[in-house]
Amino acid sequence: MDVIVIGGGIVGVATAYQLRAAGHRVCVVERHATVAQGATYGHGGTVLPTPLDVWFGPTFMASRQAAKNGVISKTGFNGPVRQFVKQLTALQEPEAFSRQYARLRPLIEASREAMADIEARFGLEFEQASGLLYLVRSAQEWQQTQTALDLLRQYEVPHHVLTPAECAAFEHSVRTEPEFAGGVLFDHERTANCPLFAKLIKQTLDTQGGVQFMLGCEVSAIRLEGQRPAVELAPRPGMASRSREVDVINADAIVVAAGYGSLPLLERLGLRLPLHPLRLHNLVAPIAHEECAPHVAIVDAVKRITVSRMNHRLRIAGGAVLQSAGQVDKPLGETLTKEALALLGQATHDWIPGAARISAALPWEGVKLLSPDGLPVVGNALHPRLFVNAGHGPAGWGLACGAGKLIADLISDKTPDVPADTLAALRADRFQ
Ligand SMILES: Cc1cc2nc3c(=O)[nH]c(=O)nc-3n(C[C@H](O)[C@H](O)[C@H](O)COP(=O)(O)OP(=O)(O)OC[C@H]3O[C@@H](n4cnc5c(N)ncnc54)[C@H](O)[C@@H]3O)c2cc1C
């Protein structure tokens, strides 16, 4: 089949890879000049989410203060965003959290397999580093973390629960004063460089053939009339169209994997997904003192701020700002940007003082789609030949590989390797 994938982030690239592997001809349409320029560019390094990484559950936004929960909430009186927060808050209840994580878990495992297969085939090097140490400050937060720890035991995820002294003994850079509650070490989980991975996959596809990357092209609309869907391309900037004709490409199937850009494309077709855009920040800081730098990634488990080492730099990611959807297209403003970046600097200073030269750090911000039930939208929607792969949230890198495989299976009329309740929980029409 001829399949168009809209979006050249990690989700679009991973989907193109799986479609090609299933024998389809693929065209990826990306509005930037190269792949991995959207949310994918600013990833924090964590490859696959554990129950401590997902952006829902007992510890997520459990406090209203950004200094405690890592999310700057500027929802004002906006009804839709308040409703969105209310739905996410319902997942703080331990049973609801466990139920929802159980639905996500098969996608995580499918993603682990898909990544392992890609790595075994091509021997890709994308700055993989083993080990993540999650740290928790207060006794109350530690208590809230227990449901996630129960899930780790239930699913036999290899991990070690550590006392503060054991954390410091394992990772010399972690400070023990002021006192904190404890840590969880995953020595088998990894951090790595997501945009580099996406670019290496693109290179592999360029070499193999069968996947065309239309870069610098924006899809302005999707057409669903008749059996063969199509996309309309926006005129390229500076190339005034002399005729009124629109550039249209037909295909046997279309996959919308355009990150935040997926929403307007689907809305024009009448599909309004309640996914919410969340701004996230990144600081790439030089290492200040080598003897203070961590040798595994450090995660502030409640604020969901990750500090991972990449050669002589530390990548610090998190600092979410939650606003109404209409605000996200406007610049954030100096005060809020400073506040978000300060969260990153403070978390780094709190856990690993002296490790990063924050004053010399390069900031970056990106927008990620988060869903009100914590799960991405992966599956068919509106038309037998239209598929959506979006809303993977701030822990979406590794998931992209399994979600791409799922979409390729659906398009190939193959039964996906994930259970029916996971498939149903990922469908676009679950929100109706
Ligand atoms: C600061 C930050 C830190 C993060 N940390 C982590 C982490 O540690 N671990 C993790 O797993 N995840 C992390 N994430 C989330 C992860 O980066 C995302 O889940 C993932 O990158 C989503 O990929 P995507 O392809 O859906 O979106 P994007 O990367 O945003 O890709 C979408 C692409 O579609 C293109 N596009 C949009 N509309 C159109 C159109 N109309 N026509 C053509 N092209 C279009 C865009 O240009 C873009 O390139 C982080 C995100 C941010 C912002």
# chains A, B, ... in the order shown; residues from 1 in each chain; ligands from 1

$ residues_around --residues "segment 255-265 of chain A" --least-positions-apart "5" --cutoff "10 Å" --atoms "only C-alpha atoms" --output "JSON, numbers by chain"
{"A": [3, 4, 5, 6, 7, 8, 9, 10, 11, 12, 13, 14, 15, 16, 28, 29, 30, 31, 38, 39, 40, 219, 220, 221, 222, 270, 271, 272, 273, 274, 275, 276, 277, 278, 366, 367, 368, 369, 370, 377, 378, 379, 380, 381, 385, 386, 387, 388, 389, 390, 391, 392, 393, 400, 404, 407, 408, 411]}

$ select_by_dssp --residues "segment 83-221 of chain A" --states "helix (DSSP H, G or I)" --output "PyMOL selection string"
chain A and resi 83-90+94-122+139-154+164-170+194-208

$ write_last_selection --atoms "C-alpha atoms" --output "tab-separated table (two decimals), in the first residue's frame"
chain	number	residue	atom	x	y	z
A	83	GLN	CA	-11.93	19.99	33.00
A	84	PHE	CA	-8.74	18.43	31.64
A	85	VAL	CA	-7.00	18.82	35.01
A	86	LYS	CA	-10.04	17.37	36.77
A	87	GLN	CA	-9.89	14.24	34.60
A	88	LEU	CA	-6.17	13.78	35.22
A	89	THR	CA	-6.69	14.35	38.94
A	90	ALA	CA	-9.12	11.40	38.99
A	94	PRO	CA	-4.42	4.43	43.32
A	95	GLU	CA	-6.87	1.96	41.77
A	96	ALA	CA	-7.58	4.19	38.76
A	97	PHE	CA	-3.83	4.74	38.31
A	98	SER	CA	-3.07	0.99	38.43
A	99	ARG	CA	-5.91	0.22	36.01
A	100	GLN	CA	-4.75	2.79	33.50
A	101	TYR	CA	-1.08	1.81	33.80
A	102	ALA	CA	-2.11	-1.84	33.19
A	103	ARG	CA	-3.63	-0.74	29.87
A	104	LEU	CA	-0.46	1.13	28.88
A	105	ARG	CA	1.91	-1.61	29.95
A	106	PRO	CA	1.52	-3.86	26.83
A	107	LEU	CA	2.39	-0.86	24.63
A	108	ILE	CA	5.52	-0.27	26.72
A	109	GLU	CA	6.55	-3.90	26.31
A	110	ALA	CA	5.76	-3.87	22.58
A	111	SER	CA	7.94	-0.75	22.32
A	112	ARG	CA	10.78	-2.41	24.20
A	113	GLU	CA	10.69	-5.30	21.73
A	114	ALA	CA	10.45	-3.04	18.69
A	115	MET	CA	13.45	-0.97	19.86
A	116	ALA	CA	15.51	-4.06	20.66
A	117	ASP	CA	14.77	-5.41	17.19
A	118	ILE	CA	15.87	-2.15	15.51
A	119	GLU	CA	19.05	-2.00	17.61
A	120	ALA	CA	19.90	-5.64	16.90
A	121	ARG	CA	19.42	-5.15	13.14
A	122	PHE	CA	21.33	-1.92	12.67
A	139	ALA	CA	7.66	11.16	53.60
A	140	GLN	CA	4.25	12.12	52.22
A	141	GLU	CA	5.52	11.96	48.62
A	142	TRP	CA	7.19	8.63	49.38
A	143	GLN	CA	3.84	7.37	50.59
A	144	GLN	CA	2.23	8.56	47.33
A	145	THR	CA	4.93	6.70	45.39
A	146	GLN	CA	3.96	3.34	46.91
A	147	THR	CA	1.33	2.48	44.27
A	148	ALA	CA	3.99	2.88	41.58
A	149	LEU	CA	6.33	0.64	43.61
A	150	ASP	CA	3.55	-1.96	43.91
A	151	LEU	CA	3.19	-1.90	40.12
A	152	LEU	CA	6.94	-2.40	39.70
A	153	ARG	CA	6.73	-5.49	41.90
A	154	GLN	CA	3.54	-6.73	40.23
A	164	PRO	CA	18.99	8.03	51.19
A	165	ALA	CA	22.33	6.66	52.46
A	166	GLU	CA	22.21	3.88	49.83
A	167	CYS	CA	21.38	6.45	47.12
A	168	ALA	CA	24.42	8.52	48.10
A	169	ALA	CA	26.62	5.43	48.36
A	170	PHE	CA	25.59	4.34	44.85
A	194	CYS	CA	15.99	10.66	20.94
A	195	PRO	CA	16.57	13.13	18.03
A	196	LEU	CA	19.77	11.28	17.15
A	197	PHE	CA	17.83	7.98	17.13
A	198	ALA	CA	15.17	9.51	14.85
A	199	LYS	CA	17.84	10.80	12.45
A	200	LEU	CA	19.61	7.44	12.37
A	201	ILE	CA	16.33	5.69	11.53
A	202	LYS	CA	15.76	8.20	8.74
A	203	GLN	CA	19.27	7.50	7.39
A	204	THR	CA	18.57	3.77	7.51
A	205	LEU	CA	15.32	4.28	5.60
A	206	ASP	CA	17.08	6.56	3.07
A	207	THR	CA	19.61	3.78	2.44
A	208	GLN	CA	17.03	0.98	2.23

$ closest_residue --among "A:Ile358, A:Val284, A:Ala424, A:Ala21" --to "ligand 1" --atoms "only C-alpha atoms and all ligand atoms"
A:Val284

$ select_by_dssp --residues "segment 145-323 of chain A" --states "strand (DSSP E or B)" --output "PyMOL selection string"
chain A and resi 160-162+182-191+211-215+219-223+230-233+247-250+253-256+276-287+297-300+305-310+313-323

$ atom_distance --atom1 "atom CA of Gly226 of chain A" --atom2 "atom CA of Asp429 of chain A"
21.5 Å

$ residues_around --residues "Ser73 of chain A" --least-positions-apart "3" --cutoff "9 Å" --atoms "only C-alpha atoms" --output "PDB file with all heavy atoms, in the first residue's frame"
ATOM      1  N   ARG A  64      -0.676  21.735  44.693  1.00  0.00           N
ATOM      2  CA  ARG A  64      -1.033  22.797  43.741  1.00  0.00           C
ATOM      3  C   ARG A  64       0.145  23.714  43.444  1.00  0.00           C
ATOM      4  O   ARG A  64       0.079  24.561  42.561  1.00  0.00           O
ATOM      5  CB  ARG A  64      -2.200  23.627  44.289  1.00  0.00           C
ATOM      6  CG  ARG A  64      -3.473  22.823  44.342  1.00  0.00           C
ATOM      7  CD  ARG A  64      -4.697  23.673  44.465  1.00  0.00           C
ATOM      8  NE  ARG A  64      -5.872  22.838  44.288  1.00  0.00           N
ATOM      9  CZ  ARG A  64      -6.470  22.627  43.132  1.00  0.00           C
ATOM     10  NH1 ARG A  64      -6.029  23.197  42.062  1.00  0.00           N
ATOM     11  NH2 ARG A  64      -7.526  21.845  43.063  1.00  0.00           N
ATOM     12  N   GLN A  65       1.236  23.554  44.229  1.00  0.00           N
ATOM     13  CA  GLN A  65       2.359  24.482  44.056  1.00  0.00           C
ATOM     14  C   GLN A  65       3.389  23.944  43.063  1.00  0.00           C
ATOM     15  O   GLN A  65       3.852  22.802  43.215  1.00  0.00           O
ATOM     16  CB  GLN A  65       3.077  24.678  45.382  1.00  0.00           C
ATOM     17  CG  GLN A  65       2.245  25.304  46.462  1.00  0.00           C
ATOM     18  CD  GLN A  65       2.938  25.129  47.808  1.00  0.00           C
ATOM     19  OE1 GLN A  65       4.149  25.147  47.915  1.00  0.00           O
ATOM     20  NE2 GLN A  65       2.142  24.940  48.838  1.00  0.00           N
ATOM     21  N   ALA A  66       3.777  24.801  42.112  1.00  0.00           N
ATOM     22  CA  ALA A  66       4.759  24.376  41.115  1.00  0.00           C
ATOM     23  C   ALA A  66       6.076  23.967  41.773  1.00  0.00           C
ATOM     24  O   ALA A  66       6.748  23.042  41.318  1.00  0.00           O
ATOM     25  CB  ALA A  66       4.999  25.515  40.134  1.00  0.00           C
ATOM     26  N   GLY A  76      -6.219  29.636  34.869  1.00  0.00           N
ATOM     27  CA  GLY A  76      -7.206  30.708  35.014  1.00  0.00           C
ATOM     28  C   GLY A  76      -8.600  30.122  35.163  1.00  0.00           C
ATOM     29  O   GLY A  76      -8.795  29.091  35.794  1.00  0.00           O
ATOM     30  N   ALA A 320       7.121  21.961  33.336  1.00  0.00           N
ATOM     31  CA  ALA A 320       5.907  22.063  32.516  1.00  0.00           C
ATOM     32  C   ALA A 320       5.107  23.317  32.851  1.00  0.00           C
ATOM     33  O   ALA A 320       5.069  23.743  34.005  1.00  0.00           O
ATOM     34  CB  ALA A 320       5.046  20.827  32.746  1.00  0.00           C
ATOM     35  N   VAL A 321       4.484  23.888  31.828  1.00  0.00           N
ATOM     36  CA  VAL A 321       3.559  25.011  32.038  1.00  0.00           C
ATOM     37  C   VAL A 321       2.217  24.615  31.430  1.00  0.00           C
ATOM     38  O   VAL A 321       2.126  24.301  30.242  1.00  0.00           O
ATOM     39  CB  VAL A 321       4.073  26.308  31.373  1.00  0.00           C
ATOM     40  CG1 VAL A 321       3.103  27.457  31.648  1.00  0.00           C
ATOM     41  CG2 VAL A 321       5.462  26.659  31.861  1.00  0.00           C
ATOM     42  N   LEU A 322       1.204  24.609  32.282  1.00  0.00           N
ATOM     43  CA  LEU A 322      -0.139  24.215  31.837  1.00  0.00           C
ATOM     44  C   LEU A 322      -0.988  25.471  31.683  1.00  0.00           C
ATOM     45  O   LEU A 322      -1.225  26.198  32.649  1.00  0.00           O
ATOM     46  CB  LEU A 322      -0.745  23.276  32.880  1.00  0.00           C
ATOM     47  CG  LEU A 322      -2.102  22.685  32.572  1.00  0.00           C
ATOM     48  CD1 LEU A 322      -2.049  21.802  31.338  1.00  0.00           C
ATOM     49  CD2 LEU A 322      -2.605  21.869  33.756  1.00  0.00           C
ATOM     50  N   GLN A 323      -1.425  25.724  30.441  1.00  0.00           N
ATOM     51  CA  GLN A 323      -2.249  26.907  30.146  1.00  0.00           C
ATOM     52  C   GLN A 323      -3.442  26.468  29.315  1.00  0.00           C
ATOM     53  O   GLN A 323      -3.528  25.315  28.908  1.00  0.00           O
ATOM     54  CB  GLN A 323      -1.451  27.890  29.286  1.00  0.00           C
ATOM     55  CG  GLN A 323      -0.176  28.385  29.893  1.00  0.00           C
ATOM     56  CD  GLN A 323       0.637  29.120  28.836  1.00  0.00           C
ATOM     57  OE1 GLN A 323       1.181  28.509  27.936  1.00  0.00           O
ATOM     58  NE2 GLN A 323       0.709  30.435  28.940  1.00  0.00           N
TER      59      GLN A 323
END

$ closest_residue --among "A:Leu133, A:Val418, A:Ile352, A:Cys27" --to "Ile249 of chain A" --atoms "only C-alpha atoms"
A:Cys27

$ residues_around --residues "segment 292-304 of chain A" --least-positions-apart "4" --cutoff "8 Å" --atoms "only C-alpha atoms" --output "JSON, numbers by chain"
{"A": [52, 53, 59, 60, 68, 69, 70, 71, 129, 130, 131, 132, 133, 134, 135, 136, 141, 171, 172, 173, 174, 191, 287, 288, 308, 309, 318, 347, 352, 353, 354, 355, 356]}

$ decode --residues "segment 309-323 of chain A" --atoms "all heavy atoms" --output "CSV table (one decimal), in the first residue's frame"
chain,number,residue,atom,x,y,z
A,309,ARG,N,23.1,12.7,31.6
A,309,ARG,CA,24.4,13.2,31.1
A,309,ARG,C,24.6,12.8,29.7
A,309,ARG,O,24.3,11.7,29.2
A,309,ARG,CB,25.5,12.5,31.9
A,309,ARG,CG,26.9,13.0,31.5
A,309,ARG,CD,28.0,12.5,32.5
A,309,ARG,NE,29.2,13.1,31.9
A,309,ARG,CZ,30.3,13.2,32.6
A,309,ARG,NH1,30.3,12.9,33.9
A,309,ARG,NH2,31.4,13.8,32.1
A,310,MET,N,25.1,13.8,28.9
A,310,MET,CA,25.4,13.5,27.5
A,310,MET,C,26.8,14.1,27.2
A,310,MET,O,26.9,15.3,27.1
A,310,MET,CB,24.3,14.1,26.6
A,310,MET,CG,23.0,13.3,26.7
A,310,MET,SD,21.7,13.8,25.7
A,310,MET,CE,20.5,12.6,26.2
A,311,ASN,N,27.7,13.2,27.2
A,311,ASN,CA,29.2,13.6,27.1
A,311,ASN,C,29.5,14.6,28.2
A,311,ASN,O,29.4,14.3,29.4
A,311,ASN,CB,29.5,14.1,25.7
A,311,ASN,CG,29.3,13.0,24.7
A,311,ASN,OD1,29.6,11.9,25.0
A,311,ASN,ND2,28.7,13.3,23.5
A,312,HIS,N,29.9,15.9,27.8
A,312,HIS,CA,30.3,16.8,28.8
A,312,HIS,C,29.2,17.8,29.2
A,312,HIS,O,29.4,18.9,29.7
A,312,HIS,CB,31.5,17.6,28.3
A,312,HIS,CG,32.7,16.7,28.0
A,312,HIS,ND1,33.3,16.0,29.0
A,312,HIS,CD2,33.3,16.3,26.9
A,312,HIS,CE1,34.2,15.2,28.5
A,312,HIS,NE2,34.2,15.4,27.2
A,313,ARG,N,28.0,17.4,28.9
A,313,ARG,CA,26.8,18.2,29.2
A,313,ARG,C,25.8,17.5,30.1
A,313,ARG,O,25.8,16.3,30.1
A,313,ARG,CB,26.1,18.6,27.9
A,313,ARG,CG,26.9,19.4,26.9
A,313,ARG,CD,26.3,19.2,25.5
A,313,ARG,NE,26.6,17.8,25.0
A,313,ARG,CZ,25.7,17.1,24.3
A,313,ARG,NH1,24.5,17.5,24.0
A,313,ARG,NH2,26.1,15.9,23.8
A,314,LEU,N,25.0,18.3,30.7
A,314,LEU,CA,23.9,17.7,31.4
A,314,LEU,C,22.6,18.2,30.7
A,314,LEU,O,22.5,19.4,30.5
A,314,LEU,CB,23.9,18.0,32.9
A,314,LEU,CG,24.9,17.4,33.8
A,314,LEU,CD1,24.8,17.9,35.2
A,314,LEU,CD2,24.8,15.9,33.8
A,315,ARG,N,21.7,17.3,30.4
A,315,ARG,CA,20.4,17.7,29.8
A,315,ARG,C,19.4,17.6,30.9
A,315,ARG,O,19.2,16.6,31.5
A,315,ARG,CB,20.1,16.8,28.7
A,315,ARG,CG,18.8,17.1,28.0
A,315,ARG,CD,18.4,16.0,27.0
A,315,ARG,NE,19.3,16.1,25.8
A,315,ARG,CZ,19.0,16.8,24.8
A,315,ARG,NH1,17.9,17.6,24.7
A,315,ARG,NH2,19.8,16.8,23.7
A,316,ILE,N,18.8,18.8,31.2
A,316,ILE,CA,17.8,18.8,32.3
A,316,ILE,C,16.4,19.1,31.7
A,316,ILE,O,16.3,20.2,31.0
A,316,ILE,CB,18.2,20.0,33.3
A,316,ILE,CG1,19.7,19.8,33.7
A,316,ILE,CG2,17.3,20.0,34.5
A,316,ILE,CD1,20.3,21.1,34.1
A,317,ALA,N,15.5,18.3,31.9
A,317,ALA,CA,14.2,18.4,31.2
A,317,ALA,C,13.0,18.3,32.1
A,317,ALA,O,13.0,17.6,33.1
A,317,ALA,CB,14.0,17.4,30.1
A,318,GLY,N,12.0,19.1,31.9
A,318,GLY,CA,10.8,19.1,32.7
A,318,GLY,C,10.2,20.6,32.6
A,318,GLY,O,10.1,21.2,31.6
A,319,GLY,N,9.9,21.1,33.8
A,319,GLY,CA,9.4,22.5,33.9
A,319,GLY,C,8.2,22.7,33.0
A,319,GLY,O,8.2,23.6,32.1
A,320,ALA,N,7.1,22.0,33.3
A,320,ALA,CA,5.9,22.1,32.5
A,320,ALA,C,5.1,23.3,32.9
A,320,ALA,O,5.1,23.7,34.0
A,320,ALA,CB,5.0,20.8,32.7
A,321,VAL,N,4.5,23.9,31.8
A,321,VAL,CA,3.6,25.0,32.0
A,321,VAL,C,2.2,24.6,31.4
A,321,VAL,O,2.1,24.3,30.2
A,321,VAL,CB,4.1,26.3,31.4
A,321,VAL,CG1,3.1,27.5,31.6
A,321,VAL,CG2,5.5,26.7,31.9
A,322,LEU,N,1.2,24.6,32.3
A,322,LEU,CA,-0.1,24.2,31.8
A,322,LEU,C,-1.0,25.5,31.7
A,322,LEU,O,-1.2,26.2,32.6
A,322,LEU,CB,-0.7,23.3,32.9
A,322,LEU,CG,-2.1,22.7,32.6
A,322,LEU,CD1,-2.0,21.8,31.3
A,322,LEU,CD2,-2.6,21.9,33.8
A,323,GLN,N,-1.4,25.7,30.4
A,323,GLN,CA,-2.2,26.9,30.1
A,323,GLN,C,-3.4,26.5,29.3
A,323,GLN,O,-3.5,25.3,28.9
A,323,GLN,CB,-1.5,27.9,29.3
A,323,GLN,CG,-0.2,28.4,29.9
A,323,GLN,CD,0.6,29.1,28.8
A,323,GLN,OE1,1.2,28.5,27.9
A,323,GLN,NE2,0.7,30.4,28.9
